[in-house]
Amino acid sequence: MKAKRKIKKKRNTKNMLIFAIIAIVIFFFLIRSLTGRIYKNYKTTFPIYTSYVDEKTYKGVNILNEKVYTAKGEGIVIYSASEGQKVPANFEIASINLMNDTSELKDELAKVNAAIAYKTDGDKKEESKVEDISLKDLQDNIKKNNLSAAISDINNLDLSSNKNIAWSELTELMDYSLDALNAKRDELTEQINKSNIVYKSDTSSIVSFLIDGFENKYSLDKIDKMDYSYFTKNSEPLNRQSKTKVNKGDKLFKLIDNINYNVAILVKDNDDLKKIKDNDYLLLKFKDDKVRAKVLTINESDKGSVVIVNLDRFFDQVYKQRVNDFDIVYKDQKCYEIPKSAIIKRDNIFGVYIQEIHGLVRFVPIKVIKPLEKTSYVSKGDRSSYIEIDNKKYKTISLNDPIIINPKQVEQSEILN
């Protein structure tokens, strides 16, 4: 009986020990819950990888290398090029049927012949020889009943005869070589024979019929005069429509160099340009495209500034309108977006709490780029996630860091650093 009592007593002691251990564990967790020491899982979020773009919209006025061609006589114009067409040099763009009025062409041809005579030292024998040949050719063509050739000979005979032409009228022509003058003479002669004025491209260019009357006002040689007031005085373009019957002096078309061109950006607030200097590059955005534009000069005044930039893209999109909207992109930076509520300040450094294991948290410095209403853009740092604050480097957040949304819930005892 005594042996059974001893065994029972040992069992009771063992059970009481187990019960005591369980009670201690329960008591421990109860105390932890009352004192807040149970591991916490805070409400967290991960950084969003995005871009911060700081841009502002301005008016941009095209300053093109363009030349307007006008009708040199009255007649019917025929075009052989379309709007925006890229044409090579010496391409025939238009011709005007002068309805047999070739007087101006004949005057021009007379000047060319006079220039040729001067180039050949005014050799009268040469002039006589030309006249004699024209007479002989005229007689032969009349005998052969070749009327078109005879008309050409009559024109040549009339134009090769001596006329009173002042030297001042030949100044421009004297810059031509003798071969060039002969070529010009042949071209004018052919135009007279056809009673047409032919317009050809001097260089490879873009053809445009959109003439707004600002071609001379917004030319390259007037860039220095283009201050903010200059554009407000010259802001109403002309509305012009192409027509087939033209009078002398009517504008026909223009040729534009599309390799590169300039745009005047109108900036009313001079503070926007504090960091922009000549020869800097601006990042311009037009619609969905971006391009680097070189700053040629900045014309400042009390009313605003004009930034003249050079571009080599967008031409097809902007040339049809003298004025377009451009965005200057002041900053385009990859960054993180985080909740604004998660940001705290400790020891004059902004940062966030990152949740670690066992309910512990760690303070991580951040660098705010742009605060918004509910979120903030913060720097993602360099390739190793380091940022610089007051000349010191700190490890900042990464995409995999769980950021505590409400840092006020964190107790000081749970902070590792």
# chains A, B, ... in the order shown; residues from 1 in each chain; ligands from 1
>>> select_by_dssp(residues="region 324-362 of chain A", states="strand (DSSP E or B)", output="VMD selection string")
chain A and resid 324 to 339 344 to 346 349 to 355 361 to 362
>>> write_last_selection(atoms="C-alpha atoms", output="PDB file, in the first residue's frame")
ATOM      1  CA  ASN A 324       3.125  75.715 -80.876  1.00  0.00           C
ATOM      2  CA  ASP A 325       3.003  74.562 -77.265  1.00  0.00           C
ATOM      3  CA  PHE A 326       6.225  73.077 -75.872  1.00  0.00           C
ATOM      4  CA  ASP A 327       6.984  71.673 -72.423  1.00  0.00           C
ATOM      5  CA  ILE A 328      10.335  72.394 -70.834  1.00  0.00           C
ATOM      6  CA  VAL A 329      11.176  69.333 -68.742  1.00  0.00           C
ATOM      7  CA  TYR A 330      13.172  70.645 -65.796  1.00  0.00           C
ATOM      8  CA  LYS A 331      13.508  67.252 -64.132  1.00  0.00           C
ATOM      9  CA  ASP A 332      12.822  63.689 -65.212  1.00  0.00           C
ATOM     10  CA  GLN A 333      14.003  61.416 -62.422  1.00  0.00           C
ATOM     11  CA  LYS A 334      13.387  57.777 -61.504  1.00  0.00           C
ATOM     12  CA  CYS A 335      12.264  57.539 -57.893  1.00  0.00           C
ATOM     13  CA  TYR A 336       9.989  55.858 -55.339  1.00  0.00           C
ATOM     14  CA  GLU A 337       6.508  56.909 -54.323  1.00  0.00           C
ATOM     15  CA  ILE A 338       5.587  56.262 -50.680  1.00  0.00           C
ATOM     16  CA  PRO A 339       2.713  57.313 -48.359  1.00  0.00           C
ATOM     17  CA  ILE A 344       8.975  61.038 -39.896  1.00  0.00           C
ATOM     18  CA  LYS A 345      11.830  63.317 -38.897  1.00  0.00           C
ATOM     19  CA  ARG A 346      14.540  62.219 -36.500  1.00  0.00           C
ATOM     20  CA  ILE A 349      16.795  63.713 -41.016  1.00  0.00           C
ATOM     21  CA  PHE A 350      13.642  62.549 -42.774  1.00  0.00           C
ATOM     22  CA  GLY A 351      13.053  58.820 -42.867  1.00  0.00           C
ATOM     23  CA  VAL A 352      10.654  55.916 -42.489  1.00  0.00           C
ATOM     24  CA  TYR A 353      10.343  52.866 -40.262  1.00  0.00           C
ATOM     25  CA  ILE A 354      10.987  49.496 -41.903  1.00  0.00           C
ATOM     26  CA  GLN A 355       9.486  46.428 -40.215  1.00  0.00           C
ATOM     27  CA  VAL A 361      11.583  48.204 -36.672  1.00  0.00           C
ATOM     28  CA  ARG A 362      14.494  50.068 -38.191  1.00  0.00           C
TER      29      ARG A 362
END
>>> select_by_dssp(residues="region 271-381 of chain A", states="helix (DSSP H, G or I)", output="list of chain:residue names")
A:Asp271, A:Asp272, A:Leu273, A:Phe315, A:Asp316, A:Gln317, A:Val318, A:Lys340, A:Ser341, A:Ala342, A:Ile357, A:His358, A:Gly359
>>> residues_around(residues="region 296-299 of chain A", least_positions_apart="4", cutoff="6 Å", atoms="only C-alpha atoms", output="list in words")
Asp227, Asp278, Asn279, Ser305, Val306, Val307, Ile308 and Val309 of chain A
>>> closest_atom_pairs(of="region 155-272 of chain A", to="region 112-118 of chain A", cutoff="7 Å", atoms="only C-alpha atoms", output="JSON lines")
{"residue": "A:Ser160", "atom": "CA", "partner": "A:Asn113", "partner_atom": "CA", "distance": 6.4}
{"residue": "A:Leu170", "atom": "CA", "partner": "A:Ala115", "partner_atom": "CA", "distance": 6.4}
{"residue": "A:Leu173", "atom": "CA", "partner": "A:Ala115", "partner_atom": "CA", "distance": 6.6}
{"residue": "A:Met174", "atom": "CA", "partner": "A:Ala115", "partner_atom": "CA", "distance": 6.3}
{"residue": "A:Leu178", "atom": "CA", "partner": "A:Ile116", "partner_atom": "CA", "distance": 6.5}
{"residue": "A:Leu181", "atom": "CA", "partner": "A:Val112", "partner_atom": "CA", "distance": 6.4}
{"residue": "A:Arg185", "atom": "CA", "partner": "A:Val112", "partner_atom": "CA", "distance": 6.3}
>>> write_last_selection(atoms="all heavy atoms", output="mmCIF file, in the first residue's frame")
data_model
loop_
_atom_site.group_PDB
_atom_site.id
_atom_site.type_symbol
_atom_site.label_atom_id
_atom_site.label_comp_id
_atom_site.auth_asym_id
_atom_site.auth_seq_id
_atom_site.Cartn_x
_atom_site.Cartn_y
_atom_site.Cartn_z
ATOM 1 N N SER A 160 20.212 90.590 -127.724
ATOM 2 C CA SER A 160 21.661 90.657 -127.852
ATOM 3 C C SER A 160 22.118 92.007 -128.376
ATOM 4 O O SER A 160 23.303 92.285 -128.427
ATOM 5 C CB SER A 160 22.157 89.556 -128.800
ATOM 6 O OG SER A 160 21.592 89.734 -130.083
ATOM 7 N N LEU A 170 24.032 95.663 -112.774
ATOM 8 C CA LEU A 170 24.734 94.405 -113.055
ATOM 9 C C LEU A 170 25.552 93.903 -111.870
ATOM 10 O O LEU A 170 26.232 92.882 -111.981
ATOM 11 C CB LEU A 170 25.654 94.574 -114.271
ATOM 12 C CG LEU A 170 25.004 95.077 -115.563
ATOM 13 C CD1 LEU A 170 26.055 95.211 -116.651
ATOM 14 C CD2 LEU A 170 23.894 94.142 -116.009
ATOM 15 N N LEU A 173 24.849 90.340 -110.857
ATOM 16 C CA LEU A 173 25.189 89.389 -111.922
ATOM 17 C C LEU A 173 26.688 89.226 -112.096
ATOM 18 O O LEU A 173 27.160 88.162 -112.525
ATOM 19 C CB LEU A 173 24.561 89.849 -113.246
ATOM 20 C CG LEU A 173 23.035 89.767 -113.324
ATOM 21 C CD1 LEU A 173 22.543 90.413 -114.609
ATOM 22 C CD2 LEU A 173 22.567 88.315 -113.246
ATOM 23 N N MET A 174 27.450 90.250 -111.765
ATOM 24 C CA MET A 174 28.901 90.179 -111.963
ATOM 25 C C MET A 174 29.567 89.199 -111.005
ATOM 26 O O MET A 174 30.720 88.822 -111.195
ATOM 27 C CB MET A 174 29.533 91.568 -111.809
ATOM 28 C CG MET A 174 29.114 92.550 -112.900
ATOM 29 S SD MET A 174 29.397 91.928 -114.577
ATOM 30 C CE MET A 174 31.184 91.889 -114.627
ATOM 31 N N LEU A 178 31.354 83.233 -115.882
ATOM 32 C CA LEU A 178 30.895 83.337 -117.271
ATOM 33 C C LEU A 178 30.038 82.129 -117.645
ATOM 34 O O LEU A 178 29.022 82.262 -118.344
ATOM 35 C CB LEU A 178 32.112 83.446 -118.215
ATOM 36 C CG LEU A 178 31.795 83.760 -119.683
ATOM 37 C CD1 LEU A 178 31.010 85.058 -119.806
ATOM 38 C CD2 LEU A 178 33.088 83.823 -120.497
ATOM 39 N N LEU A 181 26.625 82.598 -116.125
ATOM 40 C CA LEU A 181 25.854 83.597 -116.862
ATOM 41 C C LEU A 181 25.302 83.008 -118.160
ATOM 42 O O LEU A 181 24.154 83.268 -118.548
ATOM 43 C CB LEU A 181 26.725 84.817 -117.165
ATOM 44 C CG LEU A 181 27.039 85.726 -115.973
ATOM 45 C CD1 LEU A 181 28.080 86.765 -116.361
ATOM 46 C CD2 LEU A 181 25.771 86.412 -115.471
ATOM 47 N N ARG A 185 21.469 82.717 -119.129
ATOM 48 C CA ARG A 185 20.955 83.247 -120.393
ATOM 49 C C ARG A 185 20.135 82.188 -121.133
ATOM 50 O O ARG A 185 19.039 82.485 -121.631
ATOM 51 C CB ARG A 185 22.120 83.702 -121.288
ATOM 52 C CG ARG A 185 21.687 84.239 -122.654
ATOM 53 C CD ARG A 185 22.873 84.537 -123.513
ATOM 54 N NE ARG A 185 23.629 83.311 -123.802
ATOM 55 C CZ ARG A 185 24.803 83.302 -124.450
ATOM 56 N NH1 ARG A 185 25.367 84.437 -124.846
ATOM 57 N NH2 ARG A 185 25.423 82.155 -124.665
#
>>> closest_residue(among="A:Lys119, A:Val323, A:Tyr377, A:Ile415", to="Gly359 (chain A)", atoms="only C-alpha atoms")
A:Ile415
>>> decode(residues="region 237-358 of chain A", atoms="C-alpha atoms", output="mmCIF file, in the first residue's frame")
data_model
loop_
_atom_site.group_PDB
_atom_site.id
_atom_site.type_symbol
_atom_site.label_atom_id
_atom_site.label_comp_id
_atom_site.auth_asym_id
_atom_site.auth_seq_id
_atom_site.Cartn_x
_atom_site.Cartn_y
_atom_site.Cartn_z
ATOM 1 C CA PRO A 237 -0.597 85.617 -88.728
ATOM 2 C CA LEU A 238 -2.191 86.230 -92.108
ATOM 3 C CA ASN A 239 -4.675 83.790 -93.579
ATOM 4 C CA ARG A 240 -3.638 83.066 -97.143
ATOM 5 C CA GLN A 241 -5.067 80.639 -99.647
ATOM 6 C CA SER A 242 -3.396 79.401 -102.805
ATOM 7 C CA LYS A 243 -4.880 80.496 -106.130
ATOM 8 C CA THR A 244 -4.225 79.609 -109.729
ATOM 9 C CA LYS A 245 -4.481 83.082 -111.268
ATOM 10 C CA VAL A 246 -1.840 85.381 -109.839
ATOM 11 C CA ASN A 247 -0.761 88.965 -110.206
ATOM 12 C CA LYS A 248 2.749 90.311 -110.095
ATOM 13 C CA GLY A 249 4.005 90.307 -106.489
ATOM 14 C CA ASP A 250 1.620 87.642 -105.225
ATOM 15 C CA LYS A 251 3.237 85.125 -102.871
ATOM 16 C CA LEU A 252 3.439 81.670 -104.424
ATOM 17 C CA PHE A 253 5.276 79.342 -102.036
ATOM 18 C CA LYS A 254 8.265 79.142 -99.753
ATOM 19 C CA LEU A 255 11.202 76.805 -99.346
ATOM 20 C CA ILE A 256 12.296 75.822 -95.838
ATOM 21 C CA ASP A 257 15.490 74.215 -94.589
ATOM 22 C CA ASN A 258 14.344 71.265 -92.485
ATOM 23 C CA ILE A 259 17.752 69.984 -91.360
ATOM 24 C CA ASN A 260 17.633 72.145 -88.256
ATOM 25 C CA TYR A 261 15.642 75.138 -87.127
ATOM 26 C CA ASN A 262 15.167 77.475 -84.184
ATOM 27 C CA VAL A 263 12.313 78.020 -81.773
ATOM 28 C CA ALA A 264 11.785 81.020 -79.504
ATOM 29 C CA ILE A 265 10.383 79.835 -76.147
ATOM 30 C CA LEU A 266 8.420 82.594 -74.395
ATOM 31 C CA VAL A 267 8.925 82.472 -70.621
ATOM 32 C CA LYS A 268 6.932 85.072 -68.708
ATOM 33 C CA ASP A 269 8.385 84.223 -65.285
ATOM 34 C CA ASN A 270 12.128 84.857 -65.325
ATOM 35 C CA ASP A 271 12.526 82.753 -62.172
ATOM 36 C CA ASP A 272 11.961 79.652 -64.308
ATOM 37 C CA LEU A 273 15.301 80.271 -66.013
ATOM 38 C CA LYS A 274 17.602 80.765 -63.033
ATOM 39 C CA LYS A 275 19.701 77.718 -63.870
ATOM 40 C CA ILE A 276 19.569 77.979 -67.688
ATOM 41 C CA LYS A 277 22.505 79.510 -69.560
ATOM 42 C CA ASP A 278 23.703 79.894 -73.146
ATOM 43 C CA ASN A 279 24.912 76.618 -74.706
ATOM 44 C CA ASP A 280 23.003 74.564 -72.145
ATOM 45 C CA TYR A 281 20.640 71.862 -73.340
ATOM 46 C CA LEU A 282 16.947 71.879 -72.523
ATOM 47 C CA LEU A 283 14.764 68.803 -72.607
ATOM 48 C CA LEU A 284 11.724 69.804 -74.667
ATOM 49 C CA LYS A 285 8.571 67.770 -74.961
ATOM 50 C CA PHE A 286 6.147 68.203 -77.853
ATOM 51 C CA LYS A 287 3.069 65.994 -77.601
ATOM 52 C CA ASP A 288 4.531 62.538 -76.808
ATOM 53 C CA ASP A 289 8.081 63.158 -78.065
ATOM 54 C CA LYS A 290 11.114 64.542 -76.264
ATOM 55 C CA VAL A 291 14.241 66.126 -77.706
ATOM 56 C CA ARG A 292 17.344 67.871 -76.390
ATOM 57 C CA ALA A 293 17.491 71.455 -77.661
ATOM 58 C CA LYS A 294 20.602 73.617 -77.476
ATOM 59 C CA VAL A 295 20.158 77.086 -75.964
ATOM 60 C CA LEU A 296 21.583 79.654 -78.394
ATOM 61 C CA THR A 297 20.774 82.805 -76.445
ATOM 62 C CA ILE A 298 18.409 84.211 -73.821
ATOM 63 C CA ASN A 299 16.877 87.663 -74.359
ATOM 64 C CA GLU A 300 15.666 88.898 -70.969
ATOM 65 C CA SER A 301 13.410 91.863 -70.142
ATOM 66 C CA ASP A 302 11.146 92.995 -67.324
ATOM 67 C CA LYS A 303 8.094 91.527 -69.080
ATOM 68 C CA GLY A 304 9.651 88.085 -69.537
ATOM 69 C CA SER A 305 12.365 86.172 -71.345
ATOM 70 C CA VAL A 306 12.812 84.646 -74.775
ATOM 71 C CA VAL A 307 14.935 81.495 -74.956
ATOM 72 C CA ILE A 308 16.162 80.776 -78.484
ATOM 73 C CA VAL A 309 16.856 77.055 -78.927
ATOM 74 C CA ASN A 310 18.035 74.990 -81.883
ATOM 75 C CA LEU A 311 16.311 71.701 -82.791
ATOM 76 C CA ASP A 312 16.833 68.944 -85.329
ATOM 77 C CA ARG A 313 13.585 67.013 -84.746
ATOM 78 C CA PHE A 314 9.800 67.606 -84.742
ATOM 79 C CA PHE A 315 10.038 69.692 -87.940
ATOM 80 C CA ASP A 316 7.200 67.885 -89.730
ATOM 81 C CA GLN A 317 5.007 68.332 -86.662
ATOM 82 C CA VAL A 318 5.653 72.013 -85.930
ATOM 83 C CA TYR A 319 6.385 73.860 -89.179
ATOM 84 C CA LYS A 320 2.735 74.207 -90.298
ATOM 85 C CA GLN A 321 1.908 76.478 -87.346
ATOM 86 C CA ARG A 322 4.101 79.428 -86.422
ATOM 87 C CA VAL A 323 3.217 79.051 -82.722
ATOM 88 C CA ASN A 324 3.125 75.715 -80.876
ATOM 89 C CA ASP A 325 3.003 74.562 -77.265
ATOM 90 C CA PHE A 326 6.225 73.077 -75.872
ATOM 91 C CA ASP A 327 6.984 71.673 -72.423
ATOM 92 C CA ILE A 328 10.335 72.394 -70.834
ATOM 93 C CA VAL A 329 11.176 69.333 -68.742
ATOM 94 C CA TYR A 330 13.172 70.645 -65.796
ATOM 95 C CA LYS A 331 13.508 67.252 -64.132
ATOM 96 C CA ASP A 332 12.822 63.689 -65.212
ATOM 97 C CA GLN A 333 14.003 61.416 -62.422
ATOM 98 C CA LYS A 334 13.387 57.777 -61.504
ATOM 99 C CA CYS A 335 12.264 57.539 -57.893
ATOM 100 C CA TYR A 336 9.989 55.858 -55.339
ATOM 101 C CA GLU A 337 6.508 56.909 -54.323
ATOM 102 C CA ILE A 338 5.587 56.262 -50.680
ATOM 103 C CA PRO A 339 2.713 57.313 -48.359
ATOM 104 C CA LYS A 340 3.215 60.783 -46.918
ATOM 105 C CA SER A 341 1.977 59.531 -43.521
ATOM 106 C CA ALA A 342 4.946 57.136 -43.284
ATOM 107 C CA ILE A 343 7.549 59.922 -43.223
ATOM 108 C CA ILE A 344 8.975 61.038 -39.896
ATOM 109 C CA LYS A 345 11.830 63.317 -38.897
ATOM 110 C CA ARG A 346 14.540 62.219 -36.500
ATOM 111 C CA ASP A 347 17.680 64.197 -35.679
ATOM 112 C CA ASN A 348 16.841 66.610 -38.546
ATOM 113 C CA ILE A 349 16.795 63.713 -41.016
ATOM 114 C CA PHE A 350 13.642 62.549 -42.774
ATOM 115 C CA GLY A 351 13.053 58.820 -42.867
ATOM 116 C CA VAL A 352 10.654 55.916 -42.489
ATOM 117 C CA TYR A 353 10.343 52.866 -40.262
ATOM 118 C CA ILE A 354 10.987 49.496 -41.903
ATOM 119 C CA GLN A 355 9.486 46.428 -40.215
ATOM 120 C CA GLU A 356 11.973 43.739 -39.276
ATOM 121 C CA ILE A 357 11.392 40.284 -37.680
ATOM 122 C CA HIS A 358 9.864 39.807 -34.201
#
